[in-house]
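Structure file protein.cif (mmCIF, C-alpha atoms) is printed below.
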data_input
#
loop_
_atom_site.label_atom_id
_atom_site.label_comp_id
_atom_site.auth_asym_id
_atom_site.auth_seq_id
_atom_site.Cartn_x
_atom_site.Cartn_y
_atom_site.Cartn_z
CA MET A 1 52.02 13.68 -15.90
CA ASN A 2 55.02 15.36 -14.25
CA LYS A 3 53.83 18.81 -15.27
CA LEU A 4 50.44 18.00 -13.79
CA GLN A 5 51.88 16.83 -10.46
CA PRO A 6 51.56 20.28 -8.81
CA PHE A 7 47.88 20.31 -9.75
CA LEU A 8 47.36 16.85 -8.29
CA GLU A 9 49.02 17.82 -5.01
CA THR A 10 47.09 21.11 -4.81
CA MET A 11 43.75 19.40 -5.48
CA GLU A 12 44.44 16.82 -2.79
CA GLU A 13 45.24 19.69 -0.40
CA GLY A 14 41.99 21.43 -1.41
CA ASN A 15 43.81 24.75 -1.80
CA ILE A 16 41.54 26.58 -4.27
CA GLU A 17 43.53 29.86 -4.32
CA LYS A 18 46.78 28.08 -5.12
CA LEU A 19 45.03 25.95 -7.75
CA SER A 20 43.66 29.04 -9.46
CA ALA A 21 47.07 30.72 -9.47
CA ILE A 22 49.01 27.81 -11.01
CA LEU A 23 46.15 27.20 -13.45
CA ASP A 24 46.40 30.73 -14.86
CA VAL A 25 50.14 30.25 -15.46
CA PHE A 26 49.65 26.81 -17.01
CA LEU A 27 47.05 28.08 -19.47
CA LEU A 28 49.67 30.53 -20.76
CA ASP A 29 52.69 28.18 -20.79
CA GLY A 30 51.34 24.62 -21.13
CA ASN A 31 50.84 22.82 -24.42
CA PRO A 32 47.26 22.00 -25.52
CA ASP A 33 47.59 18.23 -25.05
CA GLU A 34 48.70 18.68 -21.45
CA GLN A 35 45.94 21.22 -20.88
CA TYR A 36 43.32 18.79 -22.21
CA GLU A 37 44.71 16.10 -19.92
CA LEU A 38 44.47 18.56 -17.02
CA ALA A 39 40.79 19.26 -17.81
CA ASP A 40 40.10 15.53 -17.46
CA LEU A 41 42.04 15.35 -14.19
CA LEU A 42 40.20 18.37 -12.75
CA THR A 43 36.87 16.75 -13.70
CA GLN A 44 37.82 13.49 -11.98
CA TYR A 45 38.59 15.40 -8.76
CA GLY A 46 35.37 17.39 -8.92
CA PHE A 47 36.87 20.77 -9.84
CA LEU A 48 34.29 21.32 -12.59
CA GLN A 49 34.50 25.10 -12.88
CA GLU A 50 38.27 24.92 -13.25
CA ALA A 51 37.94 22.09 -15.82
CA LEU A 52 35.46 24.24 -17.75
CA GLN A 53 37.91 27.14 -17.67
CA VAL A 54 40.55 24.94 -19.33
CA LEU A 55 38.13 23.68 -21.99
CA GLU A 56 36.93 27.20 -22.78
CA HIS A 57 40.57 28.24 -23.23
CA LEU A 58 41.18 25.30 -25.60
CA GLN A 59 37.97 26.08 -27.51
CA TYR A 60 39.27 29.60 -28.05
CA LEU A 61 42.46 28.15 -29.50
CA PHE A 62 40.64 25.51 -31.59
CA PRO A 63 37.18 26.91 -32.37
CA GLU A 64 36.34 24.13 -34.87
CA GLU A 65 37.15 21.26 -32.48
CA ASN A 66 33.79 19.56 -31.87
CA GLN A 67 35.04 17.23 -29.14
CA LEU A 68 35.73 20.27 -26.99
CA LYS A 69 32.14 21.43 -27.48
CA ILE A 70 30.85 18.06 -26.29
CA ASP A 71 33.20 18.01 -23.29
CA GLN A 72 32.03 21.49 -22.30
CA ALA A 73 28.38 20.49 -22.72
CA GLN A 74 28.87 17.53 -20.39
CA LEU A 75 30.38 19.81 -17.75
CA TYR A 76 27.58 22.34 -18.19
CA LEU A 77 25.05 19.57 -17.55
CA GLU A 78 26.85 18.59 -14.36
CA LEU A 79 26.81 22.24 -13.30
CA ASP A 80 23.05 22.48 -14.01
CA LYS A 81 23.60 24.89 -16.89
CA GLU A 82 21.33 23.08 -19.34
CA ASP A 83 20.84 26.01 -21.73
CA ASP A 84 24.59 26.43 -22.17
CA ALA A 85 24.97 22.69 -22.70
CA LEU A 86 22.26 22.55 -25.36
CA GLU A 87 23.76 25.54 -27.14
CA MET A 88 27.14 23.81 -27.29
CA LEU A 89 25.68 20.56 -28.60
CA THR A 90 23.70 22.27 -31.34
CA MET A 91 26.98 23.75 -32.57
CA VAL A 92 28.32 20.29 -33.48
CA GLU A 93 27.84 19.78 -37.21
CA LYS A 94 26.01 16.70 -38.50
CA SER A 95 28.93 15.99 -40.80
CA SER A 96 31.34 15.78 -37.86
CA GLU A 97 32.69 12.46 -36.62
CA ALA A 98 31.76 13.67 -33.13
CA TYR A 99 28.07 14.10 -34.04
CA PRO A 100 26.97 10.65 -32.72
CA GLN A 101 28.60 11.48 -29.38
CA ALA A 102 26.77 14.81 -29.33
CA LEU A 103 23.51 12.93 -29.93
CA LEU A 104 24.38 10.56 -27.09
CA THR A 105 25.02 13.49 -24.75
CA LEU A 106 21.67 14.98 -25.77
CA ALA A 107 20.03 11.63 -25.07
CA ASP A 108 21.61 11.59 -21.58
CA TYR A 109 20.16 15.03 -20.94
CA TYR A 110 16.65 14.14 -22.08
CA GLN A 111 16.81 10.88 -20.14
CA MET A 112 17.86 12.81 -17.04
CA ILE A 113 14.82 15.10 -17.24
CA GLY A 114 12.43 12.24 -17.98
CA LEU A 115 11.80 12.84 -21.70
CA TYR A 116 12.48 9.20 -22.53
CA GLU A 117 10.92 9.18 -26.00
CA VAL A 118 13.08 12.10 -27.10
CA ALA A 119 16.13 10.43 -25.57
CA GLU A 120 15.41 7.23 -27.49
CA GLN A 121 15.02 9.20 -30.72
CA LYS A 122 18.46 10.76 -30.23
CA ILE A 123 20.08 7.38 -29.50
CA ASN A 124 18.39 5.78 -32.52
CA GLU A 125 19.65 8.61 -34.68
CA ALA A 126 23.19 7.98 -33.43
CA ILE A 127 22.85 4.22 -33.98
CA ALA A 128 21.70 4.86 -37.56
CA LEU A 129 25.05 6.59 -38.12
CA LEU A 130 27.12 3.97 -36.26
CA PRO A 131 25.00 0.79 -36.19
CA SER A 132 27.71 -1.44 -34.73
CA GLU A 133 29.02 0.90 -32.02
CA PRO A 134 28.77 -1.02 -28.69
CA LEU A 135 28.66 2.13 -26.54
CA LEU A 136 25.59 3.40 -28.39
CA LEU A 137 23.84 0.03 -28.18
CA TYR A 138 24.65 -0.17 -24.47
CA ALA A 139 23.26 3.35 -23.94
CA LYS A 140 20.02 2.26 -25.57
CA GLY A 141 19.95 -0.84 -23.37
CA GLU A 142 20.32 1.36 -20.29
CA LEU A 143 17.45 3.55 -21.47
CA LEU A 144 15.22 0.53 -22.08
CA PHE A 145 16.14 -0.76 -18.62
CA GLU A 146 15.30 2.55 -16.96
CA THR A 147 11.91 2.70 -18.69
CA GLY A 148 10.94 -0.81 -17.58
CA ARG A 149 11.36 -2.54 -20.95
CA TYR A 150 13.43 -5.28 -19.37
CA LEU A 151 13.09 -7.97 -22.04
CA GLU A 152 14.15 -5.58 -24.82
CA ALA A 153 17.05 -4.35 -22.71
CA ALA A 154 18.20 -7.89 -21.95
CA ARG A 155 18.07 -8.95 -25.61
CA LEU A 156 20.10 -5.91 -26.66
CA MET A 157 22.70 -6.38 -23.93
CA GLU A 158 22.99 -10.11 -24.71
CA GLU A 159 24.14 -9.08 -28.19
CA LEU A 160 26.91 -7.00 -26.61
CA VAL A 161 28.50 -9.90 -24.69
CA PRO A 162 31.04 -10.64 -27.46
CA HIS A 163 31.98 -6.94 -27.41
CA GLN A 164 32.54 -6.68 -23.64
CA GLU A 165 36.08 -5.29 -24.10
CA ALA A 166 34.73 -2.26 -25.97
CA LEU A 167 32.62 -1.32 -22.95
CA GLN A 168 35.44 -0.18 -20.70
CA GLY A 169 34.42 0.12 -17.07
CA VAL A 170 31.12 -1.75 -17.63
CA ASN A 171 30.49 -5.08 -15.92
CA LEU A 172 28.11 -6.46 -18.51
CA SER A 173 27.48 -9.67 -16.57
CA LEU A 174 26.31 -7.70 -13.56
CA LYS A 175 24.20 -5.37 -15.70
CA LEU A 176 22.46 -8.35 -17.35
CA ALA A 177 21.83 -9.87 -13.92
CA GLU A 178 20.25 -6.61 -12.77
CA VAL A 179 18.11 -6.32 -15.90
CA TYR A 180 16.79 -9.87 -15.61
CA SER A 181 16.15 -9.47 -11.88
CA ALA A 182 14.28 -6.21 -12.43
CA GLY A 183 12.01 -8.10 -14.81
CA ALA A 184 11.59 -10.92 -12.25
CA ALA A 185 13.43 -13.33 -14.57
CA TYR A 186 15.49 -14.65 -11.68
CA GLU A 187 16.47 -17.96 -13.30
CA GLU A 188 18.04 -16.05 -16.19
CA ALA A 189 19.74 -13.62 -13.79
CA ILE A 190 21.51 -16.26 -11.67
CA PRO A 191 24.21 -17.32 -14.20
CA TYR A 192 25.14 -13.68 -14.73
CA TYR A 193 25.37 -13.07 -10.98
CA THR A 194 27.71 -16.08 -10.85
CA GLU A 195 29.88 -14.56 -13.59
CA ALA A 196 29.89 -11.18 -11.83
CA LEU A 197 30.97 -12.78 -8.55
CA GLU A 198 33.81 -14.59 -10.32
CA LYS A 199 35.12 -11.16 -11.35
CA GLU A 200 34.54 -9.42 -8.01
CA VAL A 201 32.97 -10.49 -4.72
CA ALA A 202 31.09 -7.40 -3.57
CA PRO A 203 28.41 -7.15 -0.83
CA ASP A 204 25.66 -5.76 -3.07
CA VAL A 205 26.27 -8.41 -5.71
CA LEU A 206 26.17 -11.17 -3.08
CA PHE A 207 22.90 -9.84 -1.68
CA HIS A 208 21.16 -9.57 -5.04
CA ALA A 209 22.47 -12.96 -6.15
CA ALA A 210 21.08 -14.41 -2.92
CA TYR A 211 17.74 -12.67 -3.46
CA ALA A 212 17.47 -14.10 -6.99
CA SER A 213 18.32 -17.58 -5.68
CA PHE A 214 15.73 -17.20 -2.90
CA GLN A 215 13.04 -16.27 -5.42
CA VAL A 216 13.57 -19.49 -7.38
CA GLN A 217 13.77 -21.57 -4.19
CA HIS A 218 17.51 -22.25 -4.42
CA TYR A 219 17.71 -21.74 -0.68
CA GLU A 220 21.05 -23.46 -0.08
CA THR A 221 22.72 -21.20 -2.64
CA ALA A 222 21.01 -18.14 -1.17
CA ALA A 223 22.23 -19.06 2.32
CA LYS A 224 25.79 -19.53 1.06
CA HIS A 225 25.83 -16.09 -0.58
CA LEU A 226 24.34 -14.40 2.48
CA GLU A 227 26.74 -16.04 4.92
CA SER A 228 29.63 -14.81 2.75
CA LEU A 229 28.04 -11.36 2.65
CA LEU A 230 27.70 -11.05 6.43
CA GLU A 231 31.23 -12.33 6.90
CA ILE A 232 32.51 -9.55 4.61
CA ASP A 233 30.16 -6.85 5.96
CA PRO A 234 28.47 -7.62 9.32
CA ASP A 235 26.61 -4.29 9.08
CA TYR A 236 24.79 -5.19 5.85
CA PHE A 237 21.50 -5.15 7.75
CA SER A 238 19.11 -6.42 5.08
CA GLY A 239 21.26 -9.54 4.81
CA TYR A 240 20.14 -10.72 8.25
CA MET A 241 16.46 -10.72 7.35
CA LEU A 242 16.93 -12.51 4.06
CA LEU A 243 19.24 -15.10 5.61
CA ALA A 244 16.80 -15.70 8.46
CA GLU A 245 13.96 -16.14 5.96
CA THR A 246 16.15 -18.52 3.95
CA PHE A 247 16.86 -20.66 7.00
CA ALA A 248 13.14 -20.68 7.79
CA MET A 249 12.38 -21.96 4.30
CA LEU A 250 14.98 -24.70 4.88
CA GLU A 251 13.18 -25.45 8.17
CA LYS A 252 16.34 -24.55 10.05
CA ASN A 253 14.39 -22.54 12.59
CA GLU A 254 17.10 -22.44 15.27
CA GLU A 255 19.52 -20.96 12.72
CA ALA A 256 16.82 -18.54 11.59
CA LEU A 257 16.26 -17.32 15.15
CA LYS A 258 19.99 -16.95 15.80
CA THR A 259 20.44 -15.00 12.56
CA ILE A 260 17.65 -12.57 13.29
CA THR A 261 18.82 -12.02 16.88
CA ASP A 262 22.29 -11.28 15.45
CA GLY A 263 20.55 -8.73 13.25
CA ILE A 264 18.80 -7.21 16.27
CA ALA A 265 22.16 -6.91 18.01
CA ARG A 266 23.38 -4.88 15.02
CA ASP A 267 20.23 -2.79 14.57
CA GLU A 268 17.95 -2.72 17.58
CA PHE A 269 15.53 -0.25 15.98
CA GLU A 270 14.42 -2.43 13.05
CA LYS A 271 10.85 -3.46 13.85
CA GLU A 272 10.73 -6.13 11.12
CA TYR A 273 13.52 -8.04 12.87
CA TYR A 274 11.43 -8.29 16.05
CA LEU A 275 8.34 -9.36 14.11
CA PHE A 276 10.23 -12.13 12.37
CA ALA A 277 11.85 -13.18 15.66
CA GLY A 278 8.40 -13.37 17.21
CA LYS A 279 7.07 -15.52 14.38
CA ILE A 280 10.01 -17.92 14.41
CA SER A 281 9.87 -18.20 18.21
CA LEU A 282 6.24 -19.26 17.90
CA LYS A 283 7.27 -21.91 15.39
CA LEU A 284 9.76 -23.18 17.94
CA GLY A 285 7.10 -23.17 20.65
CA ARG A 286 8.82 -20.44 22.64
CA VAL A 287 5.75 -18.45 23.57
CA ILE A 288 7.36 -16.20 26.18
CA GLU A 289 10.18 -15.21 23.80
CA ALA A 290 7.67 -14.62 21.01
CA GLU A 291 5.60 -12.34 23.21
CA SER A 292 8.70 -10.35 24.17
CA PHE A 293 9.81 -9.87 20.56
CA LEU A 294 6.33 -8.83 19.44
CA ARG A 295 6.04 -6.34 22.29
CA GLU A 296 9.37 -4.82 21.22
CA ALA A 297 8.11 -4.46 17.65
CA ILE A 298 4.97 -2.67 18.84
CA ALA A 299 7.01 -0.46 21.16
CA LEU A 300 8.98 0.71 18.12
CA ASP A 301 5.79 1.29 16.12
CA PRO A 302 2.48 1.40 18.07
CA GLU A 303 0.61 1.09 14.75
CA TYR A 304 2.53 -1.95 13.51
CA MET A 305 -0.50 -3.97 12.45
CA ASP A 306 1.27 -7.25 11.66
CA ALA A 307 2.83 -7.40 15.12
CA ILE A 308 -0.38 -6.30 16.84
CA PHE A 309 -2.42 -8.96 15.06
CA ILE A 310 0.01 -11.79 15.83
CA LEU A 311 0.35 -10.76 19.49
CA SER A 312 -3.44 -10.43 19.82
CA SER A 313 -3.86 -13.88 18.26
CA LEU A 314 -1.22 -15.28 20.62
CA PHE A 315 -2.94 -13.81 23.69
CA SER A 316 -6.29 -15.15 22.49
CA SER A 317 -5.02 -18.67 21.82
CA GLU A 318 -3.27 -18.72 25.20
CA GLU A 319 -6.40 -17.20 26.81
CA LYS A 320 -4.31 -14.39 28.25
CA ASP A 321 -7.38 -12.22 28.32
CA HIS A 322 -6.16 -9.54 30.71
CA GLU A 323 -2.95 -9.11 28.70
CA LEU A 324 -4.99 -8.75 25.53
CA ILE A 325 -7.24 -6.11 27.07
CA ASP A 326 -4.21 -4.28 28.48
CA LEU A 327 -2.63 -4.26 25.02
CA TYR A 328 -5.79 -2.77 23.53
CA GLU A 329 -6.03 -0.10 26.23
CA THR A 330 -2.36 0.82 25.80
CA LEU A 331 -2.76 1.21 22.05
CA LYS A 332 -5.92 3.23 22.57
CA GLN A 333 -3.96 5.66 24.74
CA GLU A 334 -1.61 6.03 21.77
CA HIS A 335 -4.68 7.05 19.72
CA PHE A 336 -4.60 3.82 17.74
CA GLU A 337 -7.62 1.61 17.44
CA TRP A 338 -7.93 -1.24 14.94
CA SER A 339 -11.04 -3.25 14.15
CA SER A 340 -9.08 -6.49 13.64
CA MET A 341 -8.61 -6.64 17.42
CA TYR A 342 -12.37 -6.58 18.12
CA PRO A 343 -13.06 -10.32 17.60
CA PHE A 344 -10.21 -11.20 19.97
CA LEU A 345 -11.49 -8.71 22.56
CA ALA A 346 -15.07 -9.95 22.27
CA ALA A 347 -13.94 -13.53 22.94
CA ALA A 348 -11.72 -12.38 25.82
CA TYR A 349 -14.54 -10.52 27.58
CA GLU A 350 -16.84 -13.49 27.01
CA ARG A 351 -14.35 -15.83 28.69
CA LEU A 352 -14.09 -13.38 31.57
CA GLU A 353 -17.91 -13.44 31.78
CA LEU A 354 -18.06 -9.69 31.18
CA TYR A 355 -20.93 -10.16 28.78
CA GLU A 356 -21.91 -6.53 28.26
CA LYS A 357 -18.35 -5.68 27.17
CA ALA A 358 -18.27 -8.84 25.07
CA TYR A 359 -21.50 -7.81 23.34
CA GLU A 360 -20.10 -4.32 22.73
CA PHE A 361 -17.05 -5.70 20.94
CA TYR A 362 -18.98 -8.40 19.08
CA LYS A 363 -21.17 -5.64 17.61
CA LEU A 364 -18.14 -3.56 16.71
CA ALA A 365 -16.48 -6.55 15.09
CA TYR A 366 -19.63 -7.53 13.23
CA THR A 367 -19.54 -4.32 11.19
CA GLU A 368 -16.10 -5.16 9.75
CA HIS A 369 -16.20 -8.98 9.71
CA LYS A 370 -19.45 -9.93 7.98
CA GLU A 371 -17.59 -12.24 5.61
CA ASP A 372 -15.61 -14.05 8.30
CA ALA A 373 -17.59 -17.28 8.84
CA SER A 374 -15.57 -18.42 11.87
CA PHE A 375 -16.22 -15.11 13.67
CA LEU A 376 -19.91 -15.13 12.72
CA GLN A 377 -20.30 -18.63 14.11
CA LYS A 378 -18.97 -17.54 17.51
CA TYR A 379 -21.17 -14.46 17.38
CA VAL A 380 -24.30 -16.54 16.70
CA TYR A 381 -23.76 -18.77 19.69
CA PHE A 382 -23.02 -15.76 21.88
CA LEU A 383 -26.24 -14.07 20.76
CA LEU A 384 -28.25 -17.20 21.39
CA GLU A 385 -26.75 -17.58 24.87
CA GLU A 386 -27.69 -13.97 25.55
CA GLY A 387 -31.25 -14.50 24.26
CA LYS A 388 -30.81 -12.07 21.35
CA ARG A 389 -32.68 -14.26 18.86
CA ASP A 390 -33.53 -11.59 16.27
CA GLU A 391 -29.89 -10.55 15.94
CA ALA A 392 -28.86 -14.21 15.80
CA LEU A 393 -31.31 -14.82 12.92
CA GLU A 394 -29.69 -12.01 10.94
CA VAL A 395 -26.25 -13.53 11.40
CA ILE A 396 -27.54 -17.03 10.55
CA SER A 397 -28.94 -15.75 7.25
CA ILE A 398 -25.44 -14.46 6.36
CA LEU A 399 -23.86 -17.79 7.31
CA GLN A 400 -26.32 -19.59 5.03
CA ILE A 401 -24.94 -17.55 2.13
CA LEU A 402 -21.30 -18.01 3.15
CA GLN A 403 -21.65 -21.73 3.91
CA PRO A 404 -24.59 -23.07 1.88
CA GLU A 405 -23.26 -26.61 2.28
CA ASN A 406 -23.54 -26.44 6.09
CA SER A 407 -27.00 -27.74 7.03
CA GLU A 408 -26.51 -26.58 10.63
CA TRP A 409 -27.45 -23.01 9.72
CA PHE A 410 -30.64 -24.08 7.94
CA ASP A 411 -31.63 -26.37 10.81
CA MET A 412 -30.92 -23.63 13.30
CA LEU A 413 -33.06 -21.16 11.36
CA GLU A 414 -36.02 -23.60 11.44
#
Take the structure I supplied and represent it as structure tokens, if you would.
Amino acid sequence: MNKLQPFLETMEEGNIEKLSAILDVFLLDGNPDEQYELADLLTQYGFLQEALQVLEHLQYLFPEENQLKIDQAQLYLELDKEDDALEMLTMVEKSSEAYPQALLTLADYYQMIGLYEVAEQKINEAIALLPSEPLLLYAKGELLFETGRYLEAARLMEELVPHQEALQGVNLSLKLAEVYSAGAAYEEAIPYYTEALEKEVAPDVLFHAAYASFQVQHYETAAKHLESLLEIDPDYFSGYMLLAETFAMLEKNEEALKTITDGIARDEFEKEYYLFAGKISLKLGRVIEAESFLREAIALDPEYMDAIFILSSLFSSEEKDHELIDLYETLKQEHFEWSSMYPFLAAAYERLELYEKAYEFYKLAYTEHKEDASFLQKYVYFLLEEGKRDEALEVISILQILQPENSEWFDMLE
């Protein structure tokens, strides 16, 4: 490595001119093994053109060396020179020991451009030559995973567990956890997440392990993982929402509210945090806080339907009719109008004894809510109070269909 030290220092400095100068000298004076080692080092540091220059020099010296063809092809692919890469790979003879690796490189290329069937054919061809090679079997597992064939991928990767050492740089436990999770087999994923965390405690692994635990209702375990995650990385924003939801499932609503407000303190522009804070505040009976959170959510997104609906429902249940109407008018100024607000507005205007406005919104709501029996019931009584018997009869006939067991509608019709 001593002879490569000047290259390492120059690459770290980012001095391209100096790198080019010492590279030219080294290609004349260095021995091939050192030059090949340099090509790998240049690749690791992202100097792909320079690495390719070294490999082309070595290929000139050793024109029959197939490994050099494959190495060049891989660099060509990274440099978006697909035609050059394919030409190199087709030069590798089928009789060569390197042919399975060439097939694997071809499979990577076809997988990259979305030709998955062709990629699988190339991998299968390589496996037919080396049926017990773990790297080839793992490559096929990755392809199956990417194409959504999760069960097949999991079965194949399970077979590789005894050969973990042959898969250098691959955390097979974590990969199996990801495969099972992607296929919604969360129970099967959890033991592998546990193994992965025993090897390395990383934020992403903690989050996904928590998510899998949450999905199978192991809420205490999920909370433990998420608390560890936020201790390691307080800016892992999605952790706050999942932890708050976990506490809510454990009926620890105070902890849920504190968690989500901690999240808001970290990211004040995440509308979902405010929506959740509004919901949990309502659970705790803190109406004023809930209203404030929901207003913040709508301020961030004036078309945030979930927040608008819950706030409208809150205003209606609290009979804050003027606030509800103000909310509607404000949204209308933002060029947003939503039919789900109409039943709330109709009831609000009716309570305020503004019957013409109430009738206007009842009619608007009726168009979109003809299958909502609770709304239709209110509409019927409003129409009867207003002496609009013919319209009431039409609504009653719908209620008879929706609620045939309710004799009230048949009696009323008579």
Worksheet item: Can you tell me how far atom CA of Glu291 of chain A sits from atom CA of Lys363 of chain A, in Å to one decimal?
Response: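 Computing it gives 28.2 Å between the two atoms.
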Discussion item. Evaluated on this file, the PyMOL selection byres ((chain A and resi 339-351) around 10) picks out some residues - which ones are they, written as a PyMOL selection string?
Written reply: chain A and resi 305+308-309+312-317+319-325+327-328+337-338+352-369+375-376+378-379+382
Worksheet item: In terms of the shortest atom-to-atom distance over only C-alpha atoms, which of A:Leu115, A:Gln101, A:Tyr60, A:Phe47 is closest to Leu79 of chain A?
Response: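 Nearest candidate to Leu79 of chain A out of A:Leu115, A:Gln101, A:Tyr60, A:Phe47: A:Phe47.
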Item to complete: On this file, the PyMOL selection byres ((chain A and resi 251-260) around 12) gives some set of residues; write that set as a VMD selection string.
Response: chain A and resid 219 to 220 223 226 to 227 230 234 237 to 250 261 to 268 270 to 286 289 to 290 293
Item to complete: Evaluate the PyMOL selection byres ((chain A and resi 182) around 10) and record the selected residues as a PyMOL selection string, following the chain and residue labels used in the document.
Response: chain A and resi 145-146+148-151+176-181+183-186+189
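Residues surrounding Gly141 of chain A within 7 Å are Leu137, Phe145, Ala153, Leu156 and Met157 of chain A [only C-alpha atoms; sequence separation below 4 positions excluded].
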Within 8 Å of (22.7, -16.8, -2.6) (coordinates as in the file), grab all the protein and nucleic acid residues, counting all atoms listed in the file, and write them out as a CSV table (one decimal) with C-alpha atoms, keeping the file's coordinate frame.
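point.csv, written as the output of this step:
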chain,number,residue,atom,x,y,z
A,206,LEU,CA,26.2,-11.2,-3.1
A,207,PHE,CA,22.9,-9.8,-1.7
A,208,HIS,CA,21.2,-9.6,-5.0
A,209,ALA,CA,22.5,-13.0,-6.2
A,210,ALA,CA,21.1,-14.4,-2.9
A,211,TYR,CA,17.7,-12.7,-3.5
A,212,ALA,CA,17.5,-14.1,-7.0
A,213,SER,CA,18.3,-17.6,-5.7
A,214,PHE,CA,15.7,-17.2,-2.9
A,218,HIS,CA,17.5,-22.2,-4.4
A,219,TYR,CA,17.7,-21.7,-0.7
A,220,GLU,CA,21.0,-23.5,-0.1
A,221,THR,CA,22.7,-21.2,-2.6
A,222,ALA,CA,21.0,-18.1,-1.2
A,223,ALA,CA,22.2,-19.1,2.3
A,224,LYS,CA,25.8,-19.5,1.1
A,225,HIS,CA,25.8,-16.1,-0.6
A,226,LEU,CA,24.3,-14.4,2.5
